[in-house]
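**Student:** Have a peek at final_0.txt (compact mmCIF, C-alpha atoms).
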# COMPACT_ATOMS: atom_id res chain seq x y z
CA MET A 5 -190.26 -103.69 28.44
CA GLN A 6 -188.15 -103.31 25.37
CA VAL A 7 -187.91 -106.34 23.14
CA THR A 8 -186.16 -105.67 19.87
CA ARG A 9 -185.36 -109.26 19.08
CA ARG A 10 -187.40 -112.26 20.06
CA GLN A 11 -185.64 -113.40 23.18
CA PHE A 12 -183.52 -110.44 24.19
CA PHE A 13 -184.60 -108.10 26.89
CA LYS A 14 -183.46 -105.54 29.38
CA LEU A 15 -184.15 -105.91 33.07
CA SER A 16 -185.15 -102.76 34.84
CA ALA A 17 -186.98 -101.63 37.94
CA ALA A 18 -190.19 -101.67 35.91
CA THR A 19 -189.82 -105.14 34.38
CA LEU A 20 -188.75 -106.64 37.71
CA GLY A 21 -192.17 -105.66 39.02
CA GLY A 22 -194.07 -108.36 37.13
CA SER A 23 -191.18 -110.79 36.86
CA THR A 24 -190.77 -114.35 38.06
CA LEU A 25 -189.16 -113.07 41.24
CA THR A 26 -192.19 -111.05 42.29
CA ALA A 27 -194.55 -113.79 41.15
CA LEU A 28 -192.81 -116.11 43.60
CA GLY A 29 -193.04 -113.61 46.41
CA PHE A 30 -189.62 -111.97 46.42
CA SER A 31 -189.44 -108.25 46.76
CA PRO A 32 -187.49 -106.63 43.94
CA ARG A 33 -187.14 -103.50 46.04
CA GLU A 34 -184.37 -105.07 48.06
CA ALA A 35 -182.45 -106.12 44.96
CA LEU A 36 -182.87 -102.70 43.44
CA ALA A 37 -181.68 -100.95 46.59
CA GLU A 38 -178.60 -103.16 46.58
CA VAL A 39 -177.91 -102.38 42.95
CA ARG A 40 -177.67 -98.70 43.77
CA THR A 41 -174.63 -99.43 45.93
CA PHE A 42 -172.76 -101.00 43.00
CA LYS A 43 -170.87 -99.49 40.15
CA LEU A 44 -169.94 -101.22 36.90
CA THR A 45 -166.30 -102.01 36.31
CA ARG A 46 -165.02 -102.56 32.82
CA THR A 47 -162.08 -104.64 31.72
CA THR A 48 -160.89 -105.61 28.29
CA GLU A 49 -159.28 -108.87 27.26
CA THR A 50 -156.99 -108.82 24.27
CA ARG A 51 -155.26 -111.69 22.51
CA ASN A 52 -151.57 -111.42 21.76
CA THR A 53 -148.50 -113.59 21.23
CA CYS A 54 -145.63 -114.05 23.66
CA PRO A 55 -142.57 -112.23 22.25
CA TYR A 56 -139.89 -114.46 23.72
CA CYS A 57 -139.35 -117.67 21.80
CA SER A 58 -140.29 -119.65 18.75
CA VAL A 59 -143.18 -121.50 20.41
CA ALA A 60 -145.11 -118.19 20.20
CA CYS A 61 -147.60 -119.05 22.97
CA GLY A 62 -150.99 -117.36 22.96
CA LEU A 63 -151.61 -114.70 25.59
CA ILE A 64 -154.61 -112.92 27.02
CA LEU A 65 -153.86 -109.40 28.24
CA TYR A 66 -156.34 -108.05 30.77
CA SER A 67 -156.60 -104.30 30.91
CA LEU A 68 -158.59 -101.72 32.80
CA GLY A 69 -160.31 -98.87 31.04
CA ASP A 70 -162.69 -98.68 28.15
CA LYS A 71 -160.45 -97.36 25.36
CA ALA A 72 -162.40 -94.12 25.55
CA LYS A 73 -160.67 -90.85 24.81
CA ASN A 74 -158.78 -89.35 27.73
CA ALA A 75 -159.05 -92.60 29.66
CA LYS A 76 -155.74 -94.28 30.27
CA SER A 77 -155.91 -98.04 29.95
CA GLU A 78 -153.55 -100.18 31.91
CA ILE A 79 -152.60 -103.84 31.59
CA ILE A 80 -153.37 -105.47 34.92
CA HIS A 81 -152.83 -109.16 34.24
CA ILE A 82 -151.41 -111.50 31.61
CA GLU A 83 -152.08 -115.21 31.31
CA GLY A 84 -151.96 -118.01 28.75
CA ASP A 85 -154.76 -118.23 26.19
CA PRO A 86 -156.61 -121.54 26.73
CA ASP A 87 -158.05 -121.36 23.19
CA HIS A 88 -154.60 -121.19 21.60
CA PRO A 89 -154.08 -124.36 19.53
CA VAL A 90 -150.38 -124.70 20.33
CA SER A 91 -149.86 -123.59 23.92
CA ARG A 92 -153.41 -124.31 25.21
CA GLY A 93 -153.18 -121.82 28.02
CA SER A 94 -149.78 -122.70 29.37
CA LEU A 95 -146.83 -120.35 29.72
CA CYS A 96 -143.23 -120.86 30.79
CA PRO A 97 -141.88 -118.79 33.72
CA LYS A 98 -140.61 -116.12 31.36
CA GLY A 99 -143.97 -115.79 29.66
CA ALA A 100 -145.79 -115.89 32.99
CA GLY A 101 -143.65 -112.95 34.12
CA LEU A 102 -144.59 -110.76 31.16
CA LEU A 103 -146.50 -108.28 33.29
CA GLY A 104 -143.21 -107.25 34.89
CA PHE A 105 -141.70 -106.89 31.43
CA VAL A 106 -144.57 -104.65 30.29
CA HIS A 107 -144.36 -102.40 33.34
CA SER A 108 -140.58 -102.52 33.77
CA GLU A 109 -139.03 -99.14 34.58
CA THR A 110 -136.04 -99.96 32.43
CA ARG A 111 -138.13 -100.91 29.42
CA VAL A 112 -136.99 -99.03 26.31
CA THR A 113 -139.95 -97.23 24.81
CA PHE A 114 -138.20 -94.87 22.41
CA PRO A 115 -135.08 -94.99 20.20
CA GLU A 116 -131.75 -93.93 21.66
CA TYR A 117 -128.45 -93.18 19.98
CA ARG A 118 -124.88 -93.44 21.20
CA ALA A 119 -122.55 -91.75 18.76
CA PRO A 120 -119.19 -93.43 18.06
CA GLY A 121 -116.60 -92.51 20.68
CA THR A 122 -119.13 -91.24 23.23
CA ARG A 123 -120.42 -92.89 26.38
CA LYS A 124 -123.88 -91.43 26.62
CA TRP A 125 -127.15 -92.59 25.13
CA LYS A 126 -129.24 -89.79 23.73
CA ARG A 127 -132.96 -89.89 23.02
CA VAL A 128 -133.66 -89.43 19.31
CA THR A 129 -136.72 -89.37 17.08
CA TRP A 130 -137.90 -92.36 15.08
CA ASP A 131 -137.16 -90.38 11.91
CA PHE A 132 -133.56 -89.92 12.99
CA ALA A 133 -133.18 -93.58 13.89
CA LEU A 134 -134.68 -94.91 10.66
CA GLU A 135 -132.72 -92.48 8.51
CA ARG A 136 -129.49 -93.33 10.27
CA ILE A 137 -130.09 -97.08 9.86
CA ALA A 138 -130.99 -96.67 6.20
CA LYS A 139 -127.93 -94.53 5.55
CA LEU A 140 -125.53 -96.97 7.19
CA MET A 141 -127.15 -99.90 5.41
CA LYS A 142 -126.80 -98.19 2.04
CA GLU A 143 -123.17 -97.29 2.69
CA ASP A 144 -122.36 -100.85 3.64
CA ARG A 145 -124.29 -102.30 0.70
CA ASP A 146 -122.63 -99.97 -1.80
CA ARG A 147 -119.22 -101.00 -0.50
CA HIS A 148 -119.69 -104.75 -0.18
CA PHE A 149 -122.39 -105.81 -2.63
CA VAL A 150 -121.33 -108.74 -4.80
CA ALA A 151 -123.09 -108.68 -8.14
CA LYS A 152 -121.12 -111.47 -9.81
CA ASN A 153 -118.94 -114.28 -8.51
CA ASP A 154 -115.49 -115.36 -9.71
CA LYS A 155 -116.95 -117.27 -12.61
CA GLY A 156 -118.90 -114.24 -13.77
CA GLN A 157 -122.29 -115.65 -12.73
CA THR A 158 -124.84 -113.17 -11.37
CA VAL A 159 -125.33 -113.73 -7.63
CA ASN A 160 -126.42 -110.32 -6.19
CA ARG A 161 -125.24 -110.98 -2.63
CA TRP A 162 -124.84 -108.61 0.25
CA PRO A 163 -122.76 -110.77 2.58
CA THR A 164 -121.68 -108.24 5.22
CA ILE A 165 -124.95 -107.83 7.06
CA GLY A 166 -127.28 -110.17 8.91
CA PHE A 167 -130.90 -109.89 9.91
CA LEU A 168 -132.68 -111.48 12.86
CA ALA A 169 -136.48 -111.56 12.54
CA ALA A 170 -139.10 -111.99 15.24
CA SER A 171 -140.52 -115.08 16.94
CA ALA A 172 -144.19 -114.23 16.77
CA SER A 173 -144.49 -113.46 13.09
CA SER A 174 -147.41 -114.68 11.05
CA ASN A 175 -146.96 -116.34 7.66
CA GLU A 176 -147.67 -113.00 6.02
CA THR A 177 -145.01 -111.20 8.07
CA GLY A 178 -142.57 -113.98 7.25
CA TYR A 179 -143.35 -113.63 3.55
CA LEU A 180 -142.79 -109.86 3.63
CA THR A 181 -139.58 -110.15 5.66
CA HIS A 182 -138.24 -112.62 3.16
CA LYS A 183 -139.32 -110.55 0.15
CA VAL A 184 -137.77 -107.29 1.39
CA LEU A 185 -134.50 -108.72 2.68
CA ARG A 186 -133.79 -111.14 -0.15
CA SER A 187 -134.44 -108.41 -2.69
CA LEU A 188 -131.69 -106.37 -1.01
CA GLY A 189 -129.38 -109.35 -1.40
CA ILE A 190 -129.14 -110.23 2.29
CA VAL A 191 -127.87 -113.78 2.70
CA ALA A 192 -127.61 -114.09 6.48
CA LEU A 193 -131.30 -114.04 7.30
CA ASP A 194 -132.36 -115.85 10.41
CA ASN A 195 -135.47 -116.00 12.46
CA GLN A 196 -135.97 -116.26 16.15
CA ALA A 197 -138.47 -118.96 15.31
CA ARG A 198 -135.40 -121.17 14.87
CA VAL A 199 -133.63 -120.25 18.11
CA MET B 18 -185.74 -122.11 43.97
CA ALA B 19 -183.53 -124.55 45.85
CA ASP B 20 -186.56 -126.73 46.70
CA LEU B 21 -187.50 -126.73 43.05
CA ALA B 22 -184.01 -127.94 42.10
CA ASP B 23 -184.24 -130.70 44.71
CA VAL B 24 -187.56 -131.88 43.32
CA GLN B 25 -186.09 -131.83 39.81
CA HIS B 26 -183.30 -134.09 40.96
CA GLY B 27 -185.77 -136.56 42.43
CA LEU B 28 -187.70 -136.77 39.16
CA TRP B 29 -184.82 -138.27 37.24
CA GLU B 30 -186.11 -141.81 37.74
CA HIS B 31 -189.36 -140.96 35.94
CA PHE B 32 -187.56 -140.72 32.66
CA PRO B 33 -186.40 -144.17 31.67
CA HIS B 34 -184.43 -144.66 28.50
CA THR B 35 -186.36 -143.71 25.43
CA PRO B 36 -185.43 -144.33 21.82
CA LEU B 37 -183.16 -141.59 20.57
CA PRO B 38 -182.09 -140.54 17.13
CA ASP B 39 -178.82 -142.19 16.19
CA SER B 40 -177.83 -139.97 13.33
CA TYR B 41 -177.15 -136.34 12.97
CA MET B 42 -178.56 -134.88 9.77
CA GLY B 43 -177.09 -131.42 10.02
CA LYS B 44 -179.59 -130.45 12.69
CA PRO B 45 -179.46 -130.65 16.45
CA PRO B 46 -180.39 -134.27 17.31
CA LEU B 47 -183.07 -133.21 19.80
CA ASP B 48 -184.17 -130.16 17.83
CA LEU B 49 -186.98 -128.30 19.55
CA SER B 50 -188.77 -127.47 16.35
CA SER B 51 -189.10 -131.04 15.14
CA ARG B 52 -189.05 -133.20 18.24
CA HIS B 53 -192.29 -134.34 19.72
CA ARG B 54 -192.58 -133.66 23.43
CA ASP B 55 -192.54 -136.72 25.64
CA PRO B 56 -195.88 -136.68 27.52
CA ALA B 57 -193.94 -137.70 30.64
CA TRP B 58 -193.01 -134.05 31.14
CA ARG B 59 -196.62 -133.34 32.19
CA GLU B 60 -196.41 -135.99 34.81
CA ALA B 61 -193.15 -134.40 36.00
CA LEU B 62 -194.82 -131.00 36.21
CA ARG B 63 -197.73 -132.41 38.25
CA LEU B 64 -195.27 -134.10 40.60
CA ILE B 65 -193.39 -130.84 41.02
CA ALA B 66 -196.64 -129.05 41.85
CA GLU B 67 -197.59 -131.77 44.31
CA ARG B 68 -194.28 -131.74 46.14
CA LEU B 69 -194.11 -127.97 46.43
CA ALA B 70 -197.80 -127.48 47.24
CA SER B 71 -197.16 -127.28 50.97
CA GLY B 72 -194.89 -124.27 50.47
CA SER B 73 -195.78 -120.75 51.38
CA GLU B 74 -197.85 -118.37 49.31
CA PRO B 75 -197.72 -117.51 46.45
CA VAL B 76 -195.95 -120.75 45.49
CA ALA B 77 -198.81 -122.85 46.88
CA ALA B 78 -201.34 -120.99 44.75
CA LEU B 79 -199.24 -121.47 41.61
CA CYS B 80 -198.93 -125.19 42.37
CA GLU B 81 -202.67 -125.43 42.81
CA ARG B 82 -203.13 -123.81 39.41
CA ILE B 83 -200.84 -126.41 37.83
CA ARG B 84 -202.66 -129.28 39.54
CA GLN B 85 -206.02 -128.09 38.29
CA ALA B 86 -204.85 -127.64 34.71
CA THR B 87 -205.85 -130.07 31.99
CA ASP B 88 -203.32 -131.86 29.77
CA GLU B 89 -204.19 -129.47 27.02
CA GLU B 90 -203.53 -126.42 29.16
CA LEU B 91 -200.19 -127.82 30.26
CA GLU B 92 -199.21 -128.45 26.64
CA ASN B 93 -200.13 -124.90 25.77
CA TRP B 94 -197.70 -123.55 28.35
CA ALA B 95 -194.71 -125.41 26.94
CA PRO B 96 -194.09 -123.84 23.49
CA CYS B 97 -193.47 -120.27 24.64
CA LEU B 98 -190.90 -121.50 27.15
CA LEU B 99 -189.19 -123.73 24.62
CA GLU B 100 -189.03 -120.82 22.20
CA ALA B 101 -187.79 -118.52 24.98
CA ASN B 102 -190.52 -116.10 24.06
CA VAL B 103 -190.40 -113.89 27.14
CA GLN B 104 -193.44 -111.88 26.09
CA SER B 105 -195.92 -114.72 26.18
CA ILE B 106 -194.62 -116.67 29.16
CA ASP B 107 -196.45 -116.45 32.44
CA PRO B 108 -193.60 -115.32 34.76
CA GLY B 109 -195.08 -117.15 37.76
CA LEU B 110 -195.55 -120.52 36.06
CA ALA B 111 -192.28 -120.34 34.13
CA PRO B 112 -189.94 -121.85 36.75
CA PHE B 113 -192.21 -124.88 37.27
CA VAL B 114 -193.02 -125.56 33.63
CA ALA B 115 -189.37 -125.06 32.71
CA ALA B 116 -188.24 -127.37 35.52
CA ALA B 117 -190.36 -130.21 34.17
CA LEU B 118 -189.22 -129.64 30.59
CA GLN B 119 -185.60 -129.42 31.75
CA VAL B 120 -185.75 -132.82 33.44
CA SER B 121 -187.34 -134.35 30.36
CA TRP B 122 -184.85 -132.91 27.89
CA THR B 123 -181.84 -133.44 30.15
CA ALA B 124 -182.75 -137.12 30.45
CA PHE B 125 -182.87 -137.37 26.66
CA ALA B 126 -179.62 -135.49 26.21
CA ALA B 127 -177.83 -137.61 28.80
CA GLY B 128 -178.83 -140.74 26.90
CA LEU B 129 -177.22 -139.62 23.66
CA ASP B 130 -174.10 -141.41 22.60
CA GLN B 131 -171.61 -138.62 22.07
CA ASP B 132 -169.39 -140.68 19.78
CA ARG B 133 -172.18 -141.13 17.27
CA PHE B 134 -172.54 -137.43 16.70
CA GLY B 135 -168.90 -136.41 16.66
CA VAL B 136 -168.19 -132.72 16.61
CA ILE B 137 -171.27 -130.64 15.93
CA GLU B 138 -170.77 -127.16 14.54
CA CYS B 139 -172.65 -124.81 16.77
CA GLY B 140 -173.09 -121.16 17.45
CA TYR B 141 -174.91 -119.70 20.40
CA ARG B 142 -177.81 -122.15 20.20
CA CYS B 143 -177.49 -125.53 21.90
CA PRO B 144 -176.02 -128.14 19.53
CA ILE B 145 -178.27 -130.82 21.01
CA CYS B 146 -181.68 -129.20 21.32
CA GLY B 147 -181.35 -125.76 19.74
CA SER B 148 -182.30 -123.81 22.87
CA TRP B 149 -180.78 -120.59 24.14
CA PRO B 150 -177.91 -120.69 26.60
CA VAL B 151 -178.46 -119.40 30.12
CA ALA B 152 -174.87 -118.23 30.62
CA SER B 153 -171.32 -119.39 30.02
CA VAL B 154 -168.70 -120.77 32.38
CA LEU B 155 -164.93 -120.86 32.31
CA GLN B 156 -164.11 -124.44 33.22
CA THR B 157 -161.34 -125.67 35.44
CA GLY B 158 -159.16 -128.74 35.39
CA GLY B 159 -157.50 -130.98 32.85
CA SER B 160 -157.93 -130.37 29.16
CA VAL B 161 -160.73 -127.85 29.58
CA GLN B 162 -158.92 -125.51 32.00
CA GLY B 163 -159.86 -121.93 31.19
CA LEU B 164 -162.05 -122.82 28.21
CA ARG B 165 -165.44 -121.19 27.86
CA TYR B 166 -168.56 -123.38 27.63
CA LEU B 167 -172.07 -122.16 27.07
CA CYS B 168 -174.76 -123.87 29.19
CA CYS B 169 -178.05 -124.89 27.63
CA SER B 170 -181.09 -123.49 29.45
CA LEU B 171 -183.10 -126.63 28.63
CA CYS B 172 -181.06 -129.84 28.31
CA SER B 173 -177.97 -128.96 30.42
CA THR B 174 -175.60 -129.58 27.51
CA GLU B 175 -172.42 -127.50 27.64
CA TRP B 176 -170.65 -126.55 24.44
CA ASN B 177 -167.41 -124.79 23.73
CA ARG B 178 -167.14 -121.34 22.19
CA PRO B 179 -163.87 -119.40 21.97
CA ARG B 180 -163.33 -116.62 24.47
CA ILE B 181 -163.16 -112.91 23.62
CA HIS B 182 -165.67 -113.33 20.81
CA CYS B 183 -169.21 -112.03 20.89
CA ILE B 184 -171.24 -115.23 20.88
CA HIS B 185 -174.08 -113.39 19.15
CA CYS B 186 -172.44 -111.62 16.20
CA GLY B 187 -169.03 -113.33 16.26
CA SER B 188 -167.04 -110.09 16.36
CA ASN B 189 -163.99 -109.78 18.60
CA LYS B 190 -163.47 -106.07 17.98
CA GLU B 191 -165.43 -104.45 20.76
CA VAL B 192 -165.84 -107.12 23.40
CA SER B 193 -165.41 -106.00 26.97
CA TYR B 194 -166.15 -107.41 30.39
CA PHE B 195 -168.37 -105.70 32.92
CA GLY B 196 -168.45 -106.63 36.57
CA LEU B 197 -169.86 -105.26 39.79
CA ASP B 198 -167.32 -103.18 41.67
CA GLY B 199 -166.74 -104.70 45.10
CA ALA B 200 -168.75 -107.87 44.38
CA GLY B 201 -165.84 -110.03 43.25
CA ASP B 202 -164.94 -110.71 39.65
CA ALA B 203 -166.11 -114.31 39.30
CA VAL B 204 -169.22 -113.34 37.31
CA LYS B 205 -168.92 -110.85 34.50
CA ALA B 206 -171.01 -109.74 31.56
CA GLU B 207 -169.24 -110.32 28.25
CA ALA B 208 -170.60 -107.47 26.20
CA CYS B 209 -170.25 -106.59 22.54
CA ALA B 210 -170.46 -102.89 21.73
CA GLY B 211 -171.09 -103.82 18.09
CA CYS B 212 -174.40 -105.65 18.51
CA LYS B 213 -175.14 -104.38 22.03
CA THR B 214 -175.79 -107.75 23.62
CA TYR B 215 -174.17 -109.53 26.53
CA VAL B 216 -173.95 -112.96 28.07
CA LYS B 217 -172.68 -113.72 31.55
CA ILE B 218 -169.38 -115.48 31.93
CA MET B 219 -168.71 -117.29 35.20
CA ASN B 220 -165.15 -118.06 36.18
CA ARG B 221 -164.94 -121.34 38.10
CA GLU B 222 -161.27 -120.74 38.75
CA LYS B 223 -162.33 -117.88 41.03
CA GLU B 224 -165.34 -119.70 42.49
CA PRO B 225 -165.46 -123.46 41.77
CA PHE B 226 -169.14 -123.96 42.62
CA LEU B 227 -170.65 -121.30 40.42
CA ASP B 228 -173.97 -122.43 38.98
CA PRO B 229 -175.16 -120.91 35.72
CA PHE B 230 -178.78 -120.66 36.86
CA ALA B 231 -178.49 -119.77 40.54
CA ASP B 232 -175.55 -117.40 40.16
CA ASP B 233 -177.30 -115.77 37.26
CA LEU B 234 -180.08 -114.83 39.67
CA ALA B 235 -177.56 -113.88 42.33
CA THR B 236 -176.05 -111.31 39.98
CA LEU B 237 -179.31 -109.65 39.02
CA GLY B 238 -177.74 -106.27 39.75
CA LEU B 239 -175.38 -106.76 36.85
CA ASP B 240 -178.36 -107.17 34.49
CA ILE B 241 -179.98 -103.99 35.72
CA LEU B 242 -176.79 -101.95 35.34
CA MET B 243 -176.10 -103.48 31.91
CA ALA B 244 -179.60 -102.48 30.81
CA GLU B 245 -178.84 -98.93 31.92
CA GLU B 246 -175.73 -99.05 29.71
CA GLY B 247 -177.99 -99.98 26.78
CA TYR B 248 -177.10 -103.66 26.50
CA GLU B 249 -179.59 -106.46 25.90
CA ARG B 250 -179.44 -109.83 27.54
CA LEU B 251 -178.96 -112.90 25.35
CA GLY B 252 -179.01 -115.53 28.10
CA PHE B 253 -182.38 -117.13 28.81
CA ASN B 254 -183.14 -118.15 32.37
CA PRO B 255 -186.63 -119.51 33.06
CA LEU B 256 -186.17 -118.56 36.71
CA LEU B 257 -185.98 -114.96 35.60
CA ILE B 258 -188.68 -113.91 33.19
CA PRO B 259 -189.23 -110.17 33.23
CA GLY B 260 -192.67 -108.63 33.61
CA SER B 261 -194.15 -106.52 30.86
What is this structure when it is put down as C-alpha cells?

**Tutor:**
Amino acid sequence: MQVTRRQFFKLSAATLGGSTLTALGFSPREALAEVRTFKLTRTTETRNTCPYCSVACGLILYSLGDKAKNAKSEIIHIEGDPDHPVSRGSLCPKGAGLLGFVHSETRVTFPEYRAPGTRKWKRVTWDFALERIAKLMKEDRDRHFVAKNDKGQTVNRWPTIGFLAASASSNETGYLTHKVLRSLGIVALDNQARV
Amino acid sequence: MADLADVQHGLWEHFPHTPLPDSYMGKPPLDLSSRHRDPAWREALRLIAERLASGSEPVAALCERIRQATDEELENWAPCLLEANVQSIDPGLAPFVAAALQVSWTAFAAGLDQDRFGVIECGYRCPICGSWPVASVLQTGGSVQGLRYLCCSLCSTEWNRPRIHCIHCGSNKEVSYFGLDGAGDAVKAEACAGCKTYVKIMNREKEPFLDPFADDLATLGLDILMAEEGYERLGFNPLLIPGS
C-alpha cells in the first residue's frame, strides 16, 4: 500500500485483500471482476457568467473531454451555479436555454464584412475587422472631435459615436472600458448592466 | 453493514445529554485532539458486539474478540480510528469500533446549539470535531439546492464547501469529475490534477437516497480505477480500511 500522506491511500487489488471487506467475509474478487467491465468517464465543470442581462447569473458549464491535446471537448450541459451569491443557482428561460445558443448553427464565430452597396457578407480576418473599425473610428473622430466649446473651455468631446459595453463585466473590466473610452472623448458610453 | 447501522440507530438512547462546550475558541468545539472520550462509547461497542454476535462468521468471531477485550484494550483501538490512521487500524475491527465512536460523537454533535457557534470557518476537516470527511453530497431542496456539503466520518455533521474547488489544496484550475461509464452519474470522483487527490461527490438530485457511507462502498470500482490513474483518496470511511 502506498501512503504518502497520513490518511490518503490508493485502493488496489492488493490492498483490497486485507481490507475491511475481506475481514468481514466479502470476496473482493467479485468487485474486482466487475471493475474490469467499467471505464472511467471524465467531465469538467467550469464557472462562467450568463451573457444576456445585467443580473449576470452564475453558470456551470459541463463539458466532456479532458482538455488534452487532440481531444475535442464539448459542452454537454449548462445550469445555474448554486454557489453564486446573486443568482443562487437559478436561471431565467433564456439563460436555461444557453446550450442551444452555444451549439446554434447560426452562431457567428468569426468576423464578417458587408461592404457598402453590396448584399453579401464576406468572411474576413480579425486583423481586417479591427483595422477597419479603427480606421473608421479615427476618421469620424478627426472630423467631429470637439476640443473646446462655444465659451472656449476645453471639453475634449467626441459626440458622434456611442459605445455599448457588456453585461458580465467585472469591476476591472468596467474600469478599463471607462479609461479607454473616456480618454478618446466618448460621451455616449452605456453598459448593458443598465438595460 | 446494514445490521450494524440498525444497531447504531438503536444505541441512540444510551447517550443522554451531556454537558457541552458553549463557546467556540477558534477550534472545533468537539475537537478530537483535546476532547476526552466519553466512556459510554465502550458500552456502545460491547452492545454492538452482543447484538451482532449471532451473525455468521467471520463477524461472530470479531464480536467475540470485542466482548473479551478489556476496557484498556478497547481504549487503545480508538485513537488510530479517530486519527484516520489507516496503517495502524485493524481492518476487521474498524467498522465496529467506528460505529460505537460515531454514535457517541453524533450524540454530542446533535446536542450542540448551532446559534451559539455561528459560522465556523472550515476547510476539509469537520468544523465540529476535526475529523476527515467520508464524501460530499450535492443537496436538494430549498435554500441548499445544488450546494455541496462534506459529510463528517465521525459525528455526521455536514458542512458547506464551494463546488469546483479542490477541497484539499483549494485550487480550481485542474478539477475534473470522474465517473464509471454505464453506472449512472450520481456518484463521481472530484479530482484535482494539481495535488492528485479526490473526494467523492454524490448528487442527490440524480438519486435522492444516496448515503455517503453505503454508496461510497457501492462505488468501490471508482476508487480502484482512480488509483490506477494515480489519484489518492482523501475521504475516510471506517467501513473501508485497506489492507497493507

**Student:** In Å, with one decimal, what is the gap from CA of Phe113 in chain B to CA of Pro56 in chain B?

**Tutor:**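 About the pair CA of Phe113 in chain B and CA of Pro56 in chain B: they are 15.7 Å apart.
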
**Student:** Quick one: pull the distance between CA of Ser153 in chain B and CA of Leu44 in chain A, Å, one decimal.

**Tutor:**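 Distance reported for this atom pair: 19.5 Å.
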
**Student:** Could you pull the residues within 9 Å of Thr47 in chain A, counting only C-alpha atoms, minus those fewer than 4 positions along the same chain, as a PyMOL selection string?

**Tutor:** (chain A and resi 66-70) or (chain B and resi 193-196)

**Student:** Skipping near chain neighbours, those fewer than 2 positions away, what residues fall within 8 Å of Arg51 in chain A using only C-alpha atoms, listed as a ChimeraX atom specification?

**Tutor:** /A:49,53,62-65,85

**Student:** Suppose you want the space between CA of Thr26 in chain A and CA of Glu100 in chain B; what is it in Å?

**Tutor:** 22.6 Å

**Student:** Please identify all polymer residues within 10 Å of range 191-197 of chain A, counting all atoms listed in the file, omitting same-chain residues fewer than 4 positions from it, and present them as a list in words.

**Tutor:** Pro55, Tyr56, Cys57, Ser58, Val59, Ala60, Asn160, Arg161, Trp162, Pro163, Thr164, Ile165, Gly166, Phe167, Leu168, Ala169, Ala170, Ser171, Ala172, Ser173, Gly178, Thr181, His182, Leu185 and Arg186 of chain A

**Student:** Would you mind listing what lies within 9 Å of range 235-246 of chain B as an MDAnalysis selection string, with all atoms listed in the file counted and same-chain residues fewer than 5 positions away left out?

**Tutor:** (chainID A and resid 13:17 35:36 38:40 42:44) or (chainID B and resid 195:197 204:206 208 215 230)

**Student:** Show me, as a PyMOL selection string, the residues of chain B whose atoms get within 9 Å of chain A, using only C-alpha atoms for the distance check.

**Tutor:** chain B and resi 74-76+79+100-104+107-112+149+160-165+179-181+191-200+214+237-245+247-253+255-261

**Student:** Which neighbours of Asp146 in chain A fall inside 12 Å, counting all atoms listed in the file, when residues of the same chain fewer than 2 positions from it are skipped, and could you give them as a list in words?

**Tutor:**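 In the requested format, the answer is Lys139, Leu140, Met141, Lys142, Glu143, Asp144, His148, Phe149, Val150, Ala151, Asn160, Arg161, Trp162, Pro163, Thr164, Leu188 and Gly189 of chain A.
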
**Student:** Quick one: of B:Ser105, B:Ser71, B:Thr123, B:Thr87, who's nearest to His26 in chain B, counting only C-alpha atoms?

**Tutor:**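 Using only C-alpha atoms, the shortest distance to His26 in chain B belongs to B:Thr123.
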
**Student:** Save range 127-165 of chain A from what I just supplied, as a PDB file, in the first residue's frame, atoms limited to C-alpha atoms.

**Tutor:**
ATOM      1  CA  ARG A 127     -15.736  36.233 -44.077  1.00  0.00           C
ATOM      2  CA  VAL A 128     -12.755  38.364 -43.081  1.00  0.00           C
ATOM      3  CA  THR A 129      -9.825  38.049 -40.704  1.00  0.00           C
ATOM      4  CA  TRP A 130      -9.778  39.583 -37.236  1.00  0.00           C
ATOM      5  CA  ASP A 131      -6.921  41.816 -38.389  1.00  0.00           C
ATOM      6  CA  PHE A 132      -9.060  43.162 -41.205  1.00  0.00           C
ATOM      7  CA  ALA A 133     -12.013  43.747 -38.907  1.00  0.00           C
ATOM      8  CA  LEU A 134     -10.037  45.517 -36.197  1.00  0.00           C
ATOM      9  CA  GLU A 135      -8.138  47.658 -38.685  1.00  0.00           C
ATOM     10  CA  ARG A 136     -11.324  48.640 -40.458  1.00  0.00           C
ATOM     11  CA  ILE A 137     -13.028  49.578 -37.179  1.00  0.00           C
ATOM     12  CA  ALA A 138     -10.005  51.564 -36.027  1.00  0.00           C
ATOM     13  CA  LYS A 139      -9.773  53.383 -39.344  1.00  0.00           C
ATOM     14  CA  LEU A 140     -13.441  54.364 -39.385  1.00  0.00           C
ATOM     15  CA  MET A 141     -13.287  55.438 -35.754  1.00  0.00           C
ATOM     16  CA  LYS A 142     -10.274  57.643 -36.419  1.00  0.00           C
ATOM     17  CA  GLU A 143     -11.888  59.207 -39.477  1.00  0.00           C
ATOM     18  CA  ASP A 144     -15.029  60.001 -37.528  1.00  0.00           C
ATOM     19  CA  ARG A 145     -13.096  61.320 -34.533  1.00  0.00           C
ATOM     20  CA  ASP A 146     -10.891  63.552 -36.681  1.00  0.00           C
ATOM     21  CA  ARG A 147     -13.977  65.029 -38.313  1.00  0.00           C
ATOM     22  CA  HIS A 148     -16.215  65.519 -35.289  1.00  0.00           C
ATOM     23  CA  PHE A 149     -13.982  65.891 -32.231  1.00  0.00           C
ATOM     24  CA  VAL A 150     -14.868  68.933 -30.140  1.00  0.00           C
ATOM     25  CA  ALA A 151     -11.853  70.240 -28.281  1.00  0.00           C
ATOM     26  CA  LYS A 152     -13.407  73.462 -26.980  1.00  0.00           C
ATOM     27  CA  ASN A 153     -16.972  74.649 -26.523  1.00  0.00           C
ATOM     28  CA  ASP A 154     -18.514  77.985 -27.523  1.00  0.00           C
ATOM     29  CA  LYS A 155     -17.101  79.697 -24.478  1.00  0.00           C
ATOM     30  CA  GLY A 156     -13.606  78.494 -25.280  1.00  0.00           C
ATOM     31  CA  GLN A 157     -13.491  75.983 -22.402  1.00  0.00           C
ATOM     32  CA  THR A 158     -11.642  72.715 -23.041  1.00  0.00           C
ATOM     33  CA  VAL A 159     -14.139  69.839 -23.244  1.00  0.00           C
ATOM     34  CA  ASN A 160     -12.482  67.173 -25.497  1.00  0.00           C
ATOM     35  CA  ARG A 161     -15.720  65.511 -26.606  1.00  0.00           C
ATOM     36  CA  TRP A 162     -16.338  63.015 -29.341  1.00  0.00           C
ATOM     37  CA  PRO A 163     -20.120  63.213 -29.565  1.00  0.00           C
ATOM     38  CA  THR A 164     -20.803  61.284 -32.783  1.00  0.00           C
ATOM     39  CA  ILE A 165     -20.166  57.771 -31.543  1.00  0.00           C
TER      40      ILE A 165
END
